[in-house]
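Structure file target.txt (compact mmCIF, C-alpha atoms) follows.
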# COMPACT_ATOMS: atom_id res chain seq x y z
CA MET A 842 0.00 0.00 0.00
CA LYS A 843 1.38 3.40 -0.99
CA LEU A 844 1.69 6.22 1.50
CA LYS A 845 -0.34 9.39 1.16
CA PRO A 846 1.60 12.56 0.18
CA SER A 847 0.67 14.02 3.59
CA THR A 848 2.41 11.10 5.34
CA ILE A 849 5.51 11.59 3.19
CA ASP A 850 5.54 15.27 4.17
CA ARG A 851 5.17 14.21 7.80
CA ILE A 852 8.24 11.95 7.48
CA LYS A 853 10.24 14.79 5.95
CA LYS A 854 9.25 17.11 8.79
CA ALA A 855 10.15 14.48 11.39
CA LEU A 856 13.59 14.06 9.78
CA GLU A 857 14.07 17.81 9.66
CA GLN A 858 13.25 18.00 13.36
CA GLN A 859 15.94 15.39 13.98
CA GLY A 860 18.47 17.67 12.32
CA ILE A 861 18.58 16.19 8.79
CA ARG A 862 18.75 19.34 6.66
CA ASN A 863 20.71 18.05 3.70
CA ARG A 864 18.18 17.59 0.91
CA TYR A 865 19.76 14.47 -0.57
CA LEU A 866 20.15 12.71 2.75
CA GLN A 867 16.65 13.76 3.76
CA SER A 868 15.10 12.28 0.62
CA GLU A 869 17.12 9.06 0.88
CA MET A 870 16.25 8.46 4.53
CA GLY A 871 12.67 9.59 3.90
CA ASP A 872 12.37 6.98 1.15
CA HIS A 873 13.80 4.30 3.44
CA ILE A 874 11.33 5.10 6.23
CA ALA A 875 8.43 5.36 3.75
CA CYS A 876 9.30 1.93 2.29
CA ASP A 877 9.43 0.48 5.79
CA MET A 878 6.01 1.94 6.61
CA GLU A 879 4.52 0.70 3.34
CA HIS A 880 5.86 -2.77 4.12
CA MET A 881 4.09 -2.67 7.50
CA LEU A 882 0.84 -1.39 5.97
CA ASP A 883 0.95 -4.35 3.56
CA GLN A 884 1.13 -6.62 6.60
CA GLY A 885 -2.12 -5.08 7.89
CA ILE A 886 -0.60 -2.75 10.49
CA GLY A 887 -2.37 0.62 10.87
CA GLU A 888 -0.61 3.83 9.75
CA GLU A 889 -0.16 5.28 13.24
CA GLU A 890 1.16 2.03 14.63
CA ALA A 891 3.51 1.67 11.65
CA TRP A 892 4.73 5.22 12.29
CA ASP A 893 5.46 4.47 15.95
CA GLN A 894 7.18 1.19 15.13
CA VAL A 895 9.38 2.69 12.40
CA PHE A 896 10.50 5.62 14.52
CA ALA A 897 11.04 3.39 17.56
CA LYS A 898 13.26 1.18 15.38
CA THR A 899 15.03 4.11 13.75
CA ARG A 900 16.50 5.79 16.77
CA GLY A 901 17.35 9.48 16.82
CA GLU A 902 21.04 8.92 17.60
CA GLU A 903 21.33 6.59 14.64
CA ILE A 904 19.90 9.22 12.29
CA LYS A 905 22.10 11.95 13.75
CA ALA A 906 25.21 9.77 13.46
CA THR A 907 24.41 9.03 9.81
CA ALA A 908 23.86 12.73 9.16
CA GLY A 909 27.17 13.59 10.85
CA GLN A 910 29.06 11.00 8.84
CA TYR A 911 27.41 12.21 5.60
CA GLN A 912 28.40 15.80 6.43
CA GLY A 913 31.97 14.58 6.97
CA ILE A 914 32.00 13.04 3.49
CA LEU A 915 30.62 16.26 1.99
CA ASN A 916 33.27 18.31 3.79
CA ALA A 917 35.97 16.03 2.43
CA ARG A 918 34.45 16.30 -1.06
CA TYR A 919 34.58 20.10 -0.99
CA TYR A 920 37.86 20.28 0.91
CA ARG A 921 39.97 21.00 -2.20
CA ILE A 922 37.52 23.66 -3.42
CA LYS A 923 37.50 25.33 0.00
CA LEU A 924 41.28 25.17 0.15
CA PHE A 925 41.67 26.81 -3.27
CA LEU A 926 39.14 29.47 -2.30
CA TRP A 927 41.10 30.32 0.86
CA VAL A 928 44.36 30.37 -1.13
CA THR A 929 42.71 32.64 -3.70
CA PHE A 930 41.48 35.08 -1.10
CA GLY A 931 44.70 34.94 0.91
CA LEU A 932 46.94 35.68 -2.09
CA PHE A 933 44.61 38.40 -3.32
CA ALA A 934 44.48 40.11 0.09
CA VAL A 935 48.25 39.87 0.61
CA SER A 936 48.99 41.17 -2.91
CA TRP A 937 47.14 44.41 -2.12
CA LEU A 938 47.81 44.75 1.59
CA PHE A 939 51.60 44.46 1.34
CA SER A 940 53.70 46.23 -1.22
CA PHE A 941 55.95 43.42 -2.42
CA ARG A 942 57.87 43.44 -5.65
CA THR A 943 56.06 40.26 -6.48
CA GLY A 944 52.69 41.76 -5.50
CA GLN A 945 51.34 41.87 -9.05
CA PHE A 946 52.44 38.30 -9.66
CA MET A 947 50.68 37.22 -6.47
CA SER A 948 47.55 38.94 -7.65
CA ALA A 949 47.86 37.08 -10.96
CA VAL A 950 48.30 33.80 -9.10
CA SER A 951 45.22 34.59 -6.99
CA PHE A 952 43.13 34.95 -10.16
CA MET A 953 44.57 31.70 -11.50
CA ALA A 954 43.66 30.07 -8.17
CA MET A 955 40.15 31.48 -8.54
CA GLY A 956 39.99 29.98 -12.03
CA THR A 957 41.13 26.64 -10.63
CA THR A 958 38.46 26.82 -7.90
CA LEU A 959 35.85 27.35 -10.61
CA ILE A 960 37.24 24.44 -12.65
CA LEU A 961 36.99 22.18 -9.57
CA LEU A 962 33.41 23.31 -9.06
CA SER A 963 32.57 22.62 -12.69
CA LEU A 964 34.09 19.12 -12.38
CA ASP A 965 31.90 18.53 -9.33
CA PHE A 966 28.85 19.52 -11.39
CA PHE A 967 29.89 17.22 -14.24
CA ARG A 968 30.52 14.33 -11.85
CA SER A 969 27.04 14.62 -10.34
CA HIS A 970 25.22 14.84 -13.68
CA ARG A 971 23.45 11.56 -12.89
CA HIS A 972 21.44 13.30 -10.16
CA HIS A 973 20.35 16.16 -12.39
CA ARG A 974 20.87 16.50 -16.11
CA SER A 975 21.01 20.28 -15.66
CA ASN A 976 24.32 19.83 -13.81
CA ILE A 977 25.98 19.44 -17.22
CA TRP A 978 24.85 22.96 -18.18
CA LEU A 979 25.77 24.36 -14.77
CA GLY A 980 29.18 22.70 -15.05
CA ALA A 981 29.68 24.09 -18.55
CA GLY A 982 28.73 27.58 -17.34
CA THR A 983 31.13 27.38 -14.40
CA LEU A 984 33.92 26.15 -16.68
CA LEU A 985 33.27 29.01 -19.11
CA SER A 986 33.37 31.46 -16.21
CA ALA A 987 36.73 29.98 -15.12
CA LEU A 988 38.24 30.34 -18.59
CA LEU A 989 36.93 33.90 -18.94
CA VAL A 990 38.27 35.10 -15.60
CA MET A 991 41.66 33.51 -16.20
CA SER A 992 42.03 34.91 -19.73
CA GLY A 993 40.64 38.27 -18.56
CA PHE A 994 43.28 38.57 -15.88
CA ILE A 995 46.06 37.46 -18.24
CA LEU A 996 45.11 40.40 -20.51
CA PHE A 997 44.91 42.72 -17.48
CA PHE A 998 48.36 41.54 -16.42
CA LEU A 999 49.78 42.16 -19.90
CA VAL A 1000 48.34 45.68 -19.94
CA VAL A 1001 49.73 46.56 -16.52
CA ASN A 1002 53.15 44.99 -16.78
CA TYR A 1003 53.99 44.94 -20.46
CA ARG A 1004 51.75 47.74 -21.80
CA VAL A 1005 50.16 45.48 -24.35
CA ASN A 1006 47.12 47.06 -25.94
CA THR A 1007 44.25 44.66 -25.28
CA HIS A 1008 41.56 47.18 -26.30
CA GLY A 1009 39.97 46.95 -22.86
CA HIS A 1010 38.99 43.31 -23.38
CA SER A 1011 40.40 42.26 -20.01
CA VAL A 1012 37.52 44.05 -18.26
CA ASP A 1013 35.00 42.67 -20.76
CA LEU A 1014 36.11 39.08 -20.16
CA MET A 1015 36.15 39.38 -16.39
CA ILE A 1016 32.72 41.00 -16.22
CA PHE A 1017 31.36 38.38 -18.61
CA SER A 1018 32.76 35.72 -16.28
CA TYR A 1019 30.93 37.42 -13.38
CA VAL A 1020 27.65 37.43 -15.37
CA ILE A 1021 27.96 33.74 -16.28
CA LEU A 1022 28.80 32.63 -12.73
CA SER A 1023 25.96 34.71 -11.21
CA LEU A 1024 23.56 33.11 -13.69
CA VAL A 1025 24.83 29.61 -12.85
CA VAL A 1026 24.48 30.24 -9.11
CA PHE A 1027 21.04 31.83 -9.49
CA LEU A 1028 19.72 28.92 -11.61
CA TYR A 1029 21.28 26.39 -9.24
CA PHE A 1030 19.48 27.85 -6.22
CA ILE A 1031 16.17 28.12 -8.08
CA ARG A 1032 16.43 24.41 -8.89
CA GLN A 1033 17.43 23.51 -5.35
CA ARG A 1034 14.50 25.47 -3.89
CA ARG A 1035 12.08 23.76 -6.28
CA LEU A 1036 13.40 20.37 -5.18
CA SER A 1037 13.80 21.19 -1.49
CA GLN A 1038 11.63 19.46 1.07
CA GLY A 1039 10.40 21.15 4.20
CA SER A 1040 10.01 24.83 4.99
CA GLY A 1041 13.52 25.11 6.52
CA GLY A 1042 15.22 24.11 3.28
CA ARG A 1043 12.97 26.36 1.18
CA ASN A 1044 13.65 29.40 3.39
CA ARG A 1045 17.36 28.77 3.18
CA TYR A 1046 17.27 28.61 -0.62
CA SER A 1047 15.04 31.69 -0.78
CA TRP A 1048 17.86 33.64 0.88
CA PHE A 1049 20.33 32.36 -1.66
CA ILE A 1050 17.98 33.12 -4.57
CA ALA A 1051 17.58 36.70 -3.31
CA PHE A 1052 21.34 37.23 -2.91
CA SER A 1053 22.37 35.53 -6.14
CA GLY A 1054 19.54 37.33 -8.00
CA LEU A 1055 20.93 40.63 -6.76
CA GLN A 1056 24.42 39.59 -7.87
CA LEU A 1057 23.06 38.64 -11.31
CA LEU A 1058 21.33 42.02 -11.64
CA LEU A 1059 24.53 43.87 -10.71
CA ALA A 1060 26.58 41.69 -13.06
CA ILE A 1061 24.19 42.43 -15.96
CA LEU A 1062 24.31 46.16 -15.16
CA SER A 1063 28.12 45.99 -15.17
CA PHE A 1064 28.06 44.17 -18.49
CA LEU A 1065 25.64 46.70 -19.99
CA SER A 1066 27.91 49.52 -18.89
CA LEU A 1067 30.56 48.26 -21.35
CA PRO A 1068 28.84 49.13 -24.67
CA PHE A 1069 27.37 52.28 -23.12
CA TYR A 1070 30.62 53.29 -21.43
CA THR A 1071 30.59 56.89 -22.69
CA TRP A 1072 27.20 57.49 -21.06
CA ALA A 1073 27.83 55.39 -17.99
CA VAL A 1074 31.39 56.52 -17.23
CA ASP A 1075 30.32 59.10 -14.65
CA TYR A 1076 28.12 56.62 -12.79
CA ILE A 1077 30.26 53.49 -12.82
CA TRP A 1078 31.74 54.32 -9.41
CA ILE A 1079 28.21 54.05 -7.95
CA LEU A 1080 27.89 50.55 -9.40
CA ILE A 1081 31.32 49.59 -8.05
CA TRP A 1082 30.44 50.76 -4.54
CA VAL A 1083 27.04 49.05 -4.66
CA ILE A 1084 28.64 45.72 -5.69
CA LEU A 1085 31.26 45.94 -2.95
CA ALA A 1086 28.60 46.85 -0.37
CA VAL A 1087 26.32 43.99 -1.52
CA ASP A 1088 29.26 41.56 -1.28
CA LEU A 1089 30.04 42.67 2.24
CA ILE A 1090 26.42 42.72 3.44
CA SER A 1091 25.75 39.27 1.88
CA LEU A 1092 28.82 37.85 3.56
CA LEU A 1093 27.91 39.29 6.97
CA LEU A 1094 24.30 38.17 6.73
CA LEU A 1095 25.25 34.64 5.73
CA ILE A 1096 27.75 34.40 8.56
CA PHE A 1097 25.24 35.90 11.01
CA LYS A 1098 22.48 33.52 9.87
CA ARG A 1099 24.94 30.60 9.76
CA ILE A 1100 23.97 29.74 6.18
CA ARG A 1101 26.85 28.26 4.24
CA ASN A 1102 27.26 27.28 0.64
CA ILE A 1103 30.56 26.97 -1.13
CA LEU A 1104 29.13 27.93 -4.54
CA PHE A 1105 27.78 31.18 -3.17
CA PHE A 1106 31.03 32.00 -1.39
CA VAL A 1107 32.90 31.45 -4.67
CA LEU A 1108 30.53 33.90 -6.40
CA LEU A 1109 31.04 36.48 -3.64
CA THR A 1110 34.83 36.15 -3.87
CA LEU A 1111 34.86 36.44 -7.66
CA SER A 1112 32.53 39.44 -7.60
CA PHE A 1113 34.66 41.11 -4.91
CA MET A 1114 37.98 40.46 -6.70
CA ILE A 1115 36.82 41.70 -10.10
CA THR A 1116 35.14 44.79 -8.65
CA PHE A 1117 37.92 45.59 -6.22
CA ILE A 1118 40.70 45.73 -8.82
CA HIS A 1119 38.64 48.31 -10.74
CA SER A 1120 37.64 50.32 -7.67
CA PRO A 1121 39.27 53.43 -6.21
CA LEU A 1122 39.27 51.64 -2.85
CA ARG A 1123 42.40 49.67 -3.76
CA ARG A 1124 44.40 52.93 -4.04
CA LEU A 1125 44.05 53.31 -0.29
CA LEU A 1126 46.00 50.08 0.20
CA PRO A 1127 49.82 49.91 0.29
CA ALA A 1128 50.11 47.94 -2.94
CA GLY A 1129 47.28 49.71 -4.70
CA GLY A 1130 49.08 53.02 -5.36
CA PRO A 1131 51.23 52.31 -8.44
CA THR A 1132 50.22 52.99 -11.95
CA GLN A 1133 48.29 49.79 -12.42
CA GLN A 1134 44.75 51.10 -12.78
CA THR A 1135 45.78 54.48 -14.18
CA GLU A 1136 47.32 52.66 -17.14
CA VAL A 1137 44.15 50.75 -17.80
CA LEU A 1138 41.99 53.85 -17.62
CA ASN A 1139 44.30 55.66 -20.01
CA TYR A 1140 43.85 52.95 -22.56
CA SER A 1141 40.13 53.03 -22.09
CA SER A 1142 39.89 56.77 -22.56
CA ARG A 1143 42.07 56.57 -25.68
CA GLU A 1144 39.73 54.01 -27.08
CA ILE A 1145 36.74 56.19 -26.31
CA SER A 1146 38.21 59.19 -28.10
CA ALA A 1147 39.14 56.99 -31.08
CA ARG A 1148 35.53 55.91 -31.39
CA MET B 26 19.63 -12.48 15.04
CA ILE B 27 23.37 -11.82 14.70
CA GLY B 28 24.75 -8.95 16.78
CA LYS B 29 25.77 -5.60 15.28
CA ASP B 30 29.45 -5.97 16.16
CA LEU B 31 29.80 -9.16 14.17
CA ILE B 32 27.93 -7.76 11.18
CA LYS B 33 29.78 -4.44 11.11
CA GLY B 34 32.82 -5.50 9.10
CA MET B 35 30.75 -7.58 6.71
CA ILE B 36 28.37 -4.85 5.51
CA ARG B 37 30.74 -3.60 2.82
CA PRO B 38 31.35 -7.01 1.15
CA ILE B 39 27.65 -7.85 1.50
CA ILE B 40 26.62 -4.69 -0.36
CA LEU B 41 29.24 -5.19 -3.07
CA HIS B 42 28.29 -8.85 -3.46
CA LEU B 43 24.62 -7.94 -3.86
CA LEU B 44 25.37 -5.25 -6.40
CA LEU B 45 27.41 -7.72 -8.42
CA GLN B 46 24.32 -9.91 -8.66
CA LYS B 47 21.81 -7.11 -9.22
CA GLU B 48 22.53 -4.20 -11.53
CA ARG B 49 21.13 -1.43 -9.29
CA MET B 50 19.58 -1.31 -5.84
CA TYR B 51 18.28 1.25 -3.37
CA GLY B 52 18.92 1.29 0.37
CA TYR B 53 15.73 -0.28 1.65
CA GLU B 54 15.88 -2.96 -1.07
CA ILE B 55 19.35 -3.96 0.16
CA THR B 56 18.10 -4.37 3.74
CA GLN B 57 15.16 -6.50 2.56
CA VAL B 58 17.24 -8.78 0.31
CA VAL B 59 19.80 -9.30 3.08
CA ARG B 60 17.03 -10.10 5.55
CA GLU B 61 15.38 -12.58 3.15
CA GLN B 62 18.59 -14.31 2.08
CA THR B 63 19.78 -14.73 5.67
CA GLY B 64 16.42 -15.83 7.02
CA GLY B 65 16.20 -12.68 9.11
CA LYS B 66 19.49 -13.35 10.91
CA ILE B 67 21.19 -10.29 9.48
CA ALA B 68 19.13 -7.12 9.82
CA LEU B 69 20.85 -4.03 8.46
CA THR B 70 19.66 -0.90 10.21
CA LEU B 71 19.47 2.52 8.62
CA GLY B 72 22.35 3.72 10.76
CA ALA B 73 24.57 0.80 9.74
CA LEU B 74 23.78 0.70 6.02
CA TYR B 75 23.87 4.30 4.80
CA PRO B 76 27.25 5.36 6.20
CA VAL B 77 28.80 2.41 4.31
CA LEU B 78 26.90 3.24 1.10
CA HIS B 79 27.94 6.89 1.29
CA LYS B 80 31.55 5.93 1.96
CA LEU B 81 31.58 3.60 -1.04
CA GLU B 82 30.07 6.37 -3.15
CA SER B 83 32.70 8.88 -2.02
CA GLU B 84 35.43 6.36 -2.84
CA GLY B 85 34.07 6.07 -6.38
CA ILE B 86 33.19 2.40 -5.96
CA LEU B 87 29.47 3.11 -6.27
CA GLU B 88 27.66 5.45 -8.60
CA THR B 89 24.23 6.84 -7.87
CA SER B 90 21.20 8.00 -9.77
CA SER B 91 17.88 9.35 -8.53
CA GLN B 92 14.41 8.53 -9.73
CA ALA B 93 11.01 9.88 -8.65
CA VAL B 94 8.90 7.08 -7.19
CA ASP B 95 5.51 7.55 -5.49
CA ASN B 96 5.90 11.25 -4.63
CA ARG B 97 9.47 10.87 -3.42
CA LEU B 98 12.99 10.62 -4.76
CA ARG B 99 14.69 7.23 -4.69
CA LYS B 100 18.46 6.94 -4.84
CA TYR B 101 19.79 3.92 -6.69
CA TYR B 102 23.30 2.54 -6.29
CA THR B 103 25.28 0.78 -9.02
CA LEU B 104 28.85 -0.44 -9.18
CA SER B 105 31.25 1.77 -11.07
CA ARG B 106 33.78 0.18 -13.42
CA ARG B 107 36.39 0.40 -10.67
CA GLY B 108 33.77 -0.80 -8.20
CA ARG B 109 33.18 -4.06 -10.13
CA LYS B 110 36.83 -4.97 -9.68
CA ALA B 111 36.69 -4.06 -5.98
CA ALA B 112 33.46 -6.06 -5.58
CA PHE B 113 35.04 -9.20 -7.09
CA GLU B 114 38.04 -8.83 -4.79
CA GLN B 115 35.90 -8.23 -1.69
CA THR B 116 33.62 -11.17 -2.52
CA VAL B 117 36.61 -13.49 -2.86
CA GLU B 118 37.97 -12.13 0.42
CA MET B 119 34.61 -12.67 2.10
CA TYR B 120 34.50 -16.31 0.98
CA GLU B 121 38.08 -16.81 2.19
CA PHE B 122 37.11 -15.28 5.52
CA LEU B 123 34.07 -17.54 5.83
CA ASP B 124 36.18 -20.60 4.96
CA ALA B 125 38.77 -19.56 7.55
CA LEU B 126 36.08 -19.00 10.15
CA GLN B 127 34.54 -22.37 9.41
CA ALA B 128 37.94 -24.03 9.66
CA PHE B 129 38.51 -22.24 12.96
CA CYS B 130 35.16 -23.32 14.39
CA ASN B 131 35.52 -26.83 13.12
CA PRO B 132 39.21 -27.84 13.50
CA PRO B 133 40.46 -31.13 11.95
CA GLU B 134 40.64 -32.92 15.35
CA ASN B 135 36.91 -32.22 15.87
CA ARG B 136 36.10 -33.44 12.37
CA ASN B 137 37.98 -36.70 12.96
CA ALA B 138 36.13 -37.18 16.21
Rewrite the structure of this file - the entire thing - as structure tokens.
Amino acid sequence: MKLKPSTIDRIKKALEQQGIRNRYLQSEMGDHIACDMEHMLDQGIGEEEAWDQVFAKTRGEEIKATAGQYQGILNARYYRIKLFLWVTFGLFAVSWLFSFRTGQFMSAVSFMAMGTTLILLSLDFFRSHRHHRSNIWLGAGTLLSALLVMSGFILFFLVVNYRVNTHGHSVDLMIFSYVILSLVVFLYFIRQRRLSQGSGGRNRYSWFIAFSGLQLLLAILSFLSLPFYTWAVDYIWILIWVILAVDLISLLLLIFKRIRNILFFVLLTLSFMITFIHSPLRRLLPAGGPTQQTEVLNYSSREISAR
Amino acid sequence: MIGKDLIKGMIRPIILHLLLQKERMYGYEITQVVREQTGGKIALTLGALYPVLHKLESEGILETSSQAVDNRLRKYYTLSRRGRKAAFEQTVEMYEFLDALQAFCNPPENRNA
């Protein structure tokens, strides 16, 4: 005998109350418990009695231990991505906070580390394509974002250090990378919310949808500012400050609300890095004074007058 | 019914052995097949089965796929290519272990007597 949808919802809620918040683990354990109950119903046991028997058999500590072990596996799975993200942020921060001779190279390495983080994320999407077909598209988007940010920074590096004329394409590529990654993250959270079970999971994903939606909007505005640069030039600083403020507020809110997601943290870091290197804020830092950005702006203004 | 401590180390080879016989299985199905084939002597609990399944998945020995069944998602486990090799090895090891255990419980002097 099959269980009613209301009973399945009741199982999900009971699991959520026992601390099972991971959607995949929740659905797997929910299915196990539902199968067990259906088996009892087939034997002529009433639904309430079956419920009591199943939950008496499946003790709370057992469920919590399984959840803890599963979380440990997930942490190990994302360990390399987290490590690369920390390395990225560390190198980026140090390259601007301390005026080393190698500062610009460290900054370049930090962008390469960011690209590698994105490649690892895309591989994780590709590997889990069996769960959701859409993971192939999300993986492809993340990979594209990685290639764009890496090539964008290589051009930026050539402009700054070797005065190669890249026609401002370094900024274009990096902002395009930001747009693609915001879109990937936004679509990912929409899918996760649609699939999530229980109000706790849905609320959590609603937060992520709101934050990643805002990031996507800002990324699109940044991208649109490129073809309309001559009109937008006087207002771009507003956009830069808004993006930096949104990054900071999102980070603080997520920490305060204890909501964590590696994909979202990667988006925040990428958004911050790309925006920061084009912001006046970096000039306040010890390694931000040299001619780096001035050079880039000179090229841009030359291009504008040529047009 | 056999105690948890004795079963603990055997869960991994049991799962791999079952998946060698059957192309894909889900968690509850594994517990039921084990219960039936052992006449109810081995009962895998939720807390004993899933940590092993997840570990095998993280090691790349098992691959998973999800399917919607009766208003819920069901996760199926299959052996990966690498997992098939590991399953053969573990099954052979399990048989060797059982033979060794049988030899230990029934030494030659007892057999002669």
Proximity of chain B to chain A: per-residue shortest pair, 7 Å limit, all atoms listed in the file, as a Markdown table:
| residue | atom | partner | partner_atom | distance |
| --- | --- | --- | --- | --- |
| B:Gly52 | CA | A:His873 | CA | 6.7 |
| B:Tyr53 | CA | A:His873 | CA | 5.3 |
| B:Leu71 | CA | A:Thr899 | CA | 7.0 |
| B:Gly72 | CA | A:Glu903 | CA | 4.9 |
| B:Tyr75 | CA | A:Thr907 | CA | 6.9 |
| B:Pro76 | CA | A:Thr907 | CA | 5.9 |
| B:His79 | CA | A:Tyr911 | CA | 6.9 |
| B:Ser83 | CA | A:Ile914 | CA | 6.9 |
| B:Thr89 | CA | A:Arg971 | CA | 6.9 |
| B:Ser90 | CA | A:Arg971 | CA | 5.2 |
| B:Ser91 | CA | A:His972 | CA | 5.6 |
| B:Asn96 | CA | A:Pro846 | CA | 6.6 |
| B:Arg97 | CA | A:Asp872 | CA | 6.7 |
| B:Leu98 | CA | A:Ser868 | CA | 6.0 |
| B:Arg99 | CA | A:Asp872 | CA | 6.3 |
| B:Lys100 | CA | A:Glu869 | CA | 6.2 |
Please produce an output containing C-alpha atoms for each residue in the selection, written as a PDB file, in the coordinates of the input.
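Result written to result_36.pdb:
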ATOM      1  CA  GLY B  52      18.920   1.290   0.370  1.00  0.00           C
ATOM      2  CA  TYR B  53      15.730  -0.280   1.650  1.00  0.00           C
ATOM      3  CA  LEU B  71      19.470   2.520   8.620  1.00  0.00           C
ATOM      4  CA  GLY B  72      22.350   3.720  10.760  1.00  0.00           C
ATOM      5  CA  TYR B  75      23.870   4.300   4.800  1.00  0.00           C
ATOM      6  CA  PRO B  76      27.250   5.360   6.200  1.00  0.00           C
ATOM      7  CA  HIS B  79      27.940   6.890   1.290  1.00  0.00           C
ATOM      8  CA  SER B  83      32.700   8.880  -2.020  1.00  0.00           C
ATOM      9  CA  THR B  89      24.230   6.840  -7.870  1.00  0.00           C
ATOM     10  CA  SER B  90      21.200   8.000  -9.770  1.00  0.00           C
ATOM     11  CA  SER B  91      17.880   9.350  -8.530  1.00  0.00           C
ATOM     12  CA  ASN B  96       5.900  11.250  -4.630  1.00  0.00           C
ATOM     13  CA  ARG B  97       9.470  10.870  -3.420  1.00  0.00           C
ATOM     14  CA  LEU B  98      12.990  10.620  -4.760  1.00  0.00           C
ATOM     15  CA  ARG B  99      14.690   7.230  -4.690  1.00  0.00           C
ATOM     16  CA  LYS B 100      18.460   6.940  -4.840  1.00  0.00           C
TER      17      LYS B 100
END
List as a count of residues only the protein and nucleic acid residues near region 41-45 of chain B, meaning an atom at most 12 Å away when all atoms listed in the file are counted, but skip any in the same chain fewer than 6 places from it. 37
For Ser992 (chain A), please output as a list in words all residues within 12 Å (counting only C-alpha atoms; exclusion window: fewer than 2 positions along the same chain). Ala949, Phe952, Met953, Met955, Gly956, Leu985, Ser986, Ala987, Leu988, Leu989, Val990, Phe994, Ile995, Leu996, Phe997, Phe998, Leu999, Thr1007, His1010, Ser1011, Val1012, Asp1013, Leu1014, Met1015, Ile1016, Phe1017 and Ser1018 of chain A
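Computed from the coordinates, the CA of Leu1094 (chain A) to CA of Asn863 (chain A) distance equals 20.7 Å.
Our summary of the geometry notes that CA of Ile1021 (chain A) is positioned 23.8 Å from CA of Leu932 (chain A).
Of note, CA of Ser951 (chain A) and CA of Ile1118 (chain A) are spaced 12.2 Å apart.
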With N, CA and C atoms as the target, complete region 855-870 of chain A and hand it back as a PDB file, in the frame of the given file.
ATOM      1  N   ALA A 855       9.568  15.184  10.222  1.00  0.00           N
ATOM      2  CA  ALA A 855      10.150  14.480  11.390  1.00  0.00           C
ATOM      3  C   ALA A 855      11.670  14.387  11.234  1.00  0.00           C
ATOM      4  N   LEU A 856      12.134  14.142  10.013  1.00  0.00           N
ATOM      5  CA  LEU A 856      13.590  14.060   9.780  1.00  0.00           C
ATOM      6  C   LEU A 856      14.247  15.421   9.976  1.00  0.00           C
ATOM      7  N   GLU A 857      13.534  16.448   9.504  1.00  0.00           N
ATOM      8  CA  GLU A 857      14.070  17.810   9.660  1.00  0.00           C
ATOM      9  C   GLU A 857      14.201  18.170  11.130  1.00  0.00           C
ATOM     10  N   GLN A 858      13.203  17.727  11.918  1.00  0.00           N
ATOM     11  CA  GLN A 858      13.250  18.000  13.360  1.00  0.00           C
ATOM     12  C   GLN A 858      14.416  17.264  14.024  1.00  0.00           C
ATOM     13  N   GLN A 859      14.815  16.156  13.410  1.00  0.00           N
ATOM     14  CA  GLN A 859      15.940  15.390  13.980  1.00  0.00           C
ATOM     15  C   GLN A 859      17.285  15.921  13.487  1.00  0.00           C
ATOM     16  N   GLY A 860      17.234  17.004  12.743  1.00  0.00           N
ATOM     17  CA  GLY A 860      18.470  17.670  12.320  1.00  0.00           C
ATOM     18  C   GLY A 860      18.974  17.272  10.942  1.00  0.00           C
ATOM     19  N   ILE A 861      18.157  16.558  10.156  1.00  0.00           N
ATOM     20  CA  ILE A 861      18.580  16.190   8.790  1.00  0.00           C
ATOM     21  C   ILE A 861      18.148  17.328   7.865  1.00  0.00           C
ATOM     22  N   ARG A 862      19.101  18.193   7.506  1.00  0.00           N
ATOM     23  CA  ARG A 862      18.750  19.340   6.660  1.00  0.00           C
ATOM     24  C   ARG A 862      19.237  19.154   5.229  1.00  0.00           C
ATOM     25  N   ASN A 863      20.218  18.271   5.052  1.00  0.00           N
ATOM     26  CA  ASN A 863      20.710  18.050   3.700  1.00  0.00           C
ATOM     27  C   ASN A 863      19.617  17.399   2.861  1.00  0.00           C
ATOM     28  N   ARG A 864      19.312  18.041   1.718  1.00  0.00           N
ATOM     29  CA  ARG A 864      18.180  17.590   0.910  1.00  0.00           C
ATOM     30  C   ARG A 864      18.334  16.158   0.422  1.00  0.00           C
ATOM     31  N   TYR A 865      19.548  15.802   0.002  1.00  0.00           N
ATOM     32  CA  TYR A 865      19.760  14.470  -0.570  1.00  0.00           C
ATOM     33  C   TYR A 865      19.635  13.380   0.507  1.00  0.00           C
ATOM     34  N   LEU A 866      20.211  13.680   1.661  1.00  0.00           N
ATOM     35  CA  LEU A 866      20.150  12.710   2.750  1.00  0.00           C
ATOM     36  C   LEU A 866      18.706  12.586   3.255  1.00  0.00           C
ATOM     37  N   GLN A 867      18.034  13.742   3.297  1.00  0.00           N
ATOM     38  CA  GLN A 867      16.650  13.760   3.760  1.00  0.00           C
ATOM     39  C   GLN A 867      15.765  12.901   2.846  1.00  0.00           C
ATOM     40  N   SER A 868      15.954  13.046   1.528  1.00  0.00           N
ATOM     41  CA  SER A 868      15.100  12.280   0.620  1.00  0.00           C
ATOM     42  C   SER A 868      15.441  10.791   0.668  1.00  0.00           C
ATOM     43  N   GLU A 869      16.730  10.470   0.842  1.00  0.00           N
ATOM     44  CA  GLU A 869      17.120   9.060   0.880  1.00  0.00           C
ATOM     45  C   GLU A 869      16.580   8.378   2.154  1.00  0.00           C
ATOM     46  N   MET A 870      16.748   9.038   3.282  1.00  0.00           N
ATOM     47  CA  MET A 870      16.250   8.460   4.530  1.00  0.00           C
ATOM     48  C   MET A 870      14.718   8.456   4.549  1.00  0.00           C
TER      49      MET A 870
END
